[in-house]
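J.: Structure in structure tokens, see below.
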Amino acid sequence: MNSTSKEVIFQLLLHIVLFLFFSFDRNQPQIQEFKVVAFLNYALGALVINYVLLPHFFYCKKYLLFFFYVAIMVAVIIAVEELVLERIYYPDTRGKHFPGVVYSLLDVLPVITILAGFKFAWDASTKQREVEQLRTSVKESELQFLKSQINPHFLFNNLNNLYSYAIDNSPKTPSIILELSSVLRYMLYDCKEDFVALPKELEHLKNFTQLNELQIEERGTVTFQTKHIGSGYRIAPLILTVFVENAFKHSTASQSEDITIDIGIDVTDKGLLVFECINSFRPITNTDDLSHGIGLENVKKRLELIYPNAHQLCISETDTLYSVKLEMQLKQETK
């Protein structure tokens, strides 16, 4: 059932219920013909207000014109009732005199206000649903955009590394190609969903770390440790990858030796993931951009969108160490 059909049914039910209240008379159990005709007069007036004046004037912020035409519409409804209907149905009593503007308004306005008020509430509810759908669509589009920016960023950096090894005819070139192929397969095919299994994401992160570790060779050490990794949680893909990538760039860009990168991941009993990544560096000019690059900004936006009020990111820096600590509440796998 579409929204138009729902609104038609809603309006019909509303008119029936309102008519029963309007025509109910304890002393006269039968519905008088005048009550039917009078209510139709009100309903037609409300129809004009709801489907002509509201969309063309009130919703277009032409408030003065709206209230002006509503006043004219109410005057027409009163005129039809007092000058036509009552003279037809009560020619010898009510049809002989006009009871006054106040009395007529008190007779007409309650019905018109209820009918117009419910129409306004229906439109407001419909508009709110549209806004929520738009927000969801924008959020999904922004997430897809942010995720798509990670792949070219990663590929660009590692193709440069692969090119350097190929130029030197390094025996490690096949290993790099295999590692790169594994990582790209995951990024292009396995992480299309909004959330992936935690073990699968951490396996990718380990492969990613090993791939980047080839850049360091004998210039330092890299540690990658995981604890209490269960199989019942899911995580947004590629969230942690950016921090690891940033650590390698930060260290290798500023140091030629004594590089240290320590990566640790732990999951508590309540599904809180604690990720820590600490890398050494030497403060030089070009590392400022690395600490505030596009990848880091993107992952911050993704965390705000995917884990609102469910994550805590702390980035600290000393003269020789750059530290990232991220705590995030994981989602449980649905059975």
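Naming works like this for the structure tokens: A, B, ... for the chains as they're shown, residue 1 at the start of each chain, ligands 1 onward in shown order.
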Looking only at helix (DSSP H, G or I) from DSSP on the backbone, list the matching residues of stretch 115-281 of chain A as an MDAnalysis selection string.
T.: chainID A and resid 115:167 173:190 198:213 239:254
J.: What's around A:Ile112 at 9 Å? Count only C-alpha atoms, leave out sequence neighbours fewer than 2 positions away in its own chain, and write the answer as a list in words.
T.: Tyr42, Ala43, Gly45, Ala46, Ile49, Val74, Val108, Leu109, Pro110, Ile114, Leu115, Ala116 and Gly117 of chain A
J.: Please extract the residues of stretch 219-304 of chain A with a backbone DSSP assignment of strand (DSSP E or B) and present them as a PyMOL selection string.
T.: chain A and resi 220-227+233-235+259-267+272-280
J.: Save out the residues we just selected, C-alpha atoms, as a PDB file, in the first residue's frame.
T.:
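Saved file part03.pdb follows:
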```
ATOM      1  CA  GLY A 220      64.016  -1.990  12.785  1.00  0.00           C
ATOM      2  CA  THR A 221      61.416  -4.312  14.274  1.00  0.00           C
ATOM      3  CA  VAL A 222      57.675  -4.746  13.883  1.00  0.00           C
ATOM      4  CA  THR A 223      55.471  -6.616  16.357  1.00  0.00           C
ATOM      5  CA  PHE A 224      51.869  -7.664  15.787  1.00  0.00           C
ATOM      6  CA  GLN A 225      49.993  -9.241  18.703  1.00  0.00           C
ATOM      7  CA  THR A 226      46.346 -10.195  19.222  1.00  0.00           C
ATOM      8  CA  LYS A 227      44.647 -11.496  22.378  1.00  0.00           C
ATOM      9  CA  TYR A 233      31.959 -10.173  16.719  1.00  0.00           C
ATOM     10  CA  ARG A 234      31.868  -8.049  13.606  1.00  0.00           C
ATOM     11  CA  ILE A 235      33.744  -4.857  12.784  1.00  0.00           C
ATOM     12  CA  ILE A 259      62.462   1.807  13.553  1.00  0.00           C
ATOM     13  CA  THR A 260      59.982   0.268  15.981  1.00  0.00           C
ATOM     14  CA  ILE A 261      56.311  -0.356  15.321  1.00  0.00           C
ATOM     15  CA  ASP A 262      54.208  -2.158  17.947  1.00  0.00           C
ATOM     16  CA  ILE A 263      50.643  -3.199  17.143  1.00  0.00           C
ATOM     17  CA  GLY A 264      48.412  -4.782  19.770  1.00  0.00           C
ATOM     18  CA  ILE A 265      44.746  -5.809  19.657  1.00  0.00           C
ATOM     19  CA  ASP A 266      42.682  -7.128  22.544  1.00  0.00           C
ATOM     20  CA  VAL A 267      38.948  -7.824  22.934  1.00  0.00           C
ATOM     21  CA  LEU A 272      35.185  -3.863  23.587  1.00  0.00           C
ATOM     22  CA  LEU A 273      38.075  -3.867  21.126  1.00  0.00           C
ATOM     23  CA  VAL A 274      41.236  -2.144  22.332  1.00  0.00           C
ATOM     24  CA  PHE A 275      43.654  -1.307  19.538  1.00  0.00           C
ATOM     25  CA  GLU A 276      47.064   0.226  20.158  1.00  0.00           C
ATOM     26  CA  CYS A 277      49.644   1.205  17.591  1.00  0.00           C
ATOM     27  CA  ILE A 278      52.910   2.851  18.655  1.00  0.00           C
ATOM     28  CA  ASN A 279      55.622   3.840  16.221  1.00  0.00           C
ATOM     29  CA  SER A 280      58.921   5.610  16.582  1.00  0.00           C
TER      30      SER A 280
END
```
J.: So the first atom is atom CA of A:Leu53 and the second is atom CA of A:Ala79; what is the distance between them in Å, to one decimal place?
T.: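 These atoms are spaced 19.5 Å apart.
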J.: Between stretch 32-79 of chain A and stretch 89-94 of chain A, at 12 Å or less, what are the per-residue closest atom pairs and their distances in Å? Count only C-alpha atoms, order by chain and rising residue number, and return it as a tab-separated table.
T.:
```
residue	atom	partner	partner_atom	distance
A:Gln32	CA	A:Tyr89	CA	10.2
A:Glu33	CA	A:Tyr89	CA	8.7
A:Phe34	CA	A:Tyr89	CA	6.6
A:Lys35	CA	A:Tyr89	CA	10.2
A:Val36	CA	A:Tyr89	CA	11.8
A:Val37	CA	A:Tyr89	CA	10.1
A:Ala38	CA	A:Tyr89	CA	10.6
```
J.: How would the residues just chosen look if you wrote them out with N, CA and C atoms as a PDB file, in the first residue's frame?
T.:
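Result saved to selection.pdb:
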```pdb
ATOM      1  N   GLN A  32     -29.901  13.247  11.475  1.00  0.00           N
ATOM      2  CA  GLN A  32     -30.697  14.176  10.685  1.00  0.00           C
ATOM      3  C   GLN A  32     -30.008  14.468   9.345  1.00  0.00           C
ATOM      4  N   GLU A  33     -30.841  14.695   8.347  1.00  0.00           N
ATOM      5  CA  GLU A  33     -30.302  14.985   7.015  1.00  0.00           C
ATOM      6  C   GLU A  33     -29.510  16.284   7.025  1.00  0.00           C
ATOM      7  N   PHE A  34     -29.955  17.257   7.827  1.00  0.00           N
ATOM      8  CA  PHE A  34     -29.246  18.529   7.902  1.00  0.00           C
ATOM      9  C   PHE A  34     -27.812  18.331   8.419  1.00  0.00           C
ATOM     10  N   LYS A  35     -27.650  17.405   9.393  1.00  0.00           N
ATOM     11  CA  LYS A  35     -26.324  17.143   9.929  1.00  0.00           C
ATOM     12  C   LYS A  35     -25.391  16.598   8.845  1.00  0.00           C
ATOM     13  N   VAL A  36     -25.933  15.728   7.998  1.00  0.00           N
ATOM     14  CA  VAL A  36     -25.126  15.148   6.919  1.00  0.00           C
ATOM     15  C   VAL A  36     -24.688  16.230   5.943  1.00  0.00           C
ATOM     16  N   VAL A  37     -25.643  17.060   5.519  1.00  0.00           N
ATOM     17  CA  VAL A  37     -25.339  18.103   4.540  1.00  0.00           C
ATOM     18  C   VAL A  37     -24.400  19.152   5.136  1.00  0.00           C
ATOM     19  N   ALA A  38     -24.647  19.522   6.393  1.00  0.00           N
ATOM     20  CA  ALA A  38     -23.793  20.509   7.044  1.00  0.00           C
ATOM     21  C   ALA A  38     -22.363  19.996   7.185  1.00  0.00           C
TER      22      ALA A  38
END
```
J.: Point out the residue among A:Val244, A:Leu211, A:Val196, A:Ile229 with the least atom-to-atom distance to A:Leu180, counting only C-alpha atoms.
T.: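 Checking each of A:Val244, A:Leu211, A:Val196, A:Ile229 against A:Leu180, counting only C-alpha atoms, the winner is A:Leu211.
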J.: Quick one, how far is atom CA of A:Phe24 from atom CA of A:Leu83?
T.: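 If I compute the distance from atom CA of A:Phe24 to atom CA of A:Leu83, I get 23.7 Å.
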J.: Could you check which of A:Ala247, A:Ser231, A:Glu218, A:Thr126 is closest to A:Asn2, using only C-alpha atoms?
T.: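 Looking only at the distances to A:Asn2, the closest residue turns out to be A:Thr126.
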J.: Using only C-alpha atoms, which of the listed residues (A:Pro199, A:Gly271, A:Thr320, A:Glu333) sits closest to A:Asp258?
T.: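 Nearest candidate to A:Asp258 out of A:Pro199, A:Gly271, A:Thr320, A:Glu333: A:Thr320.
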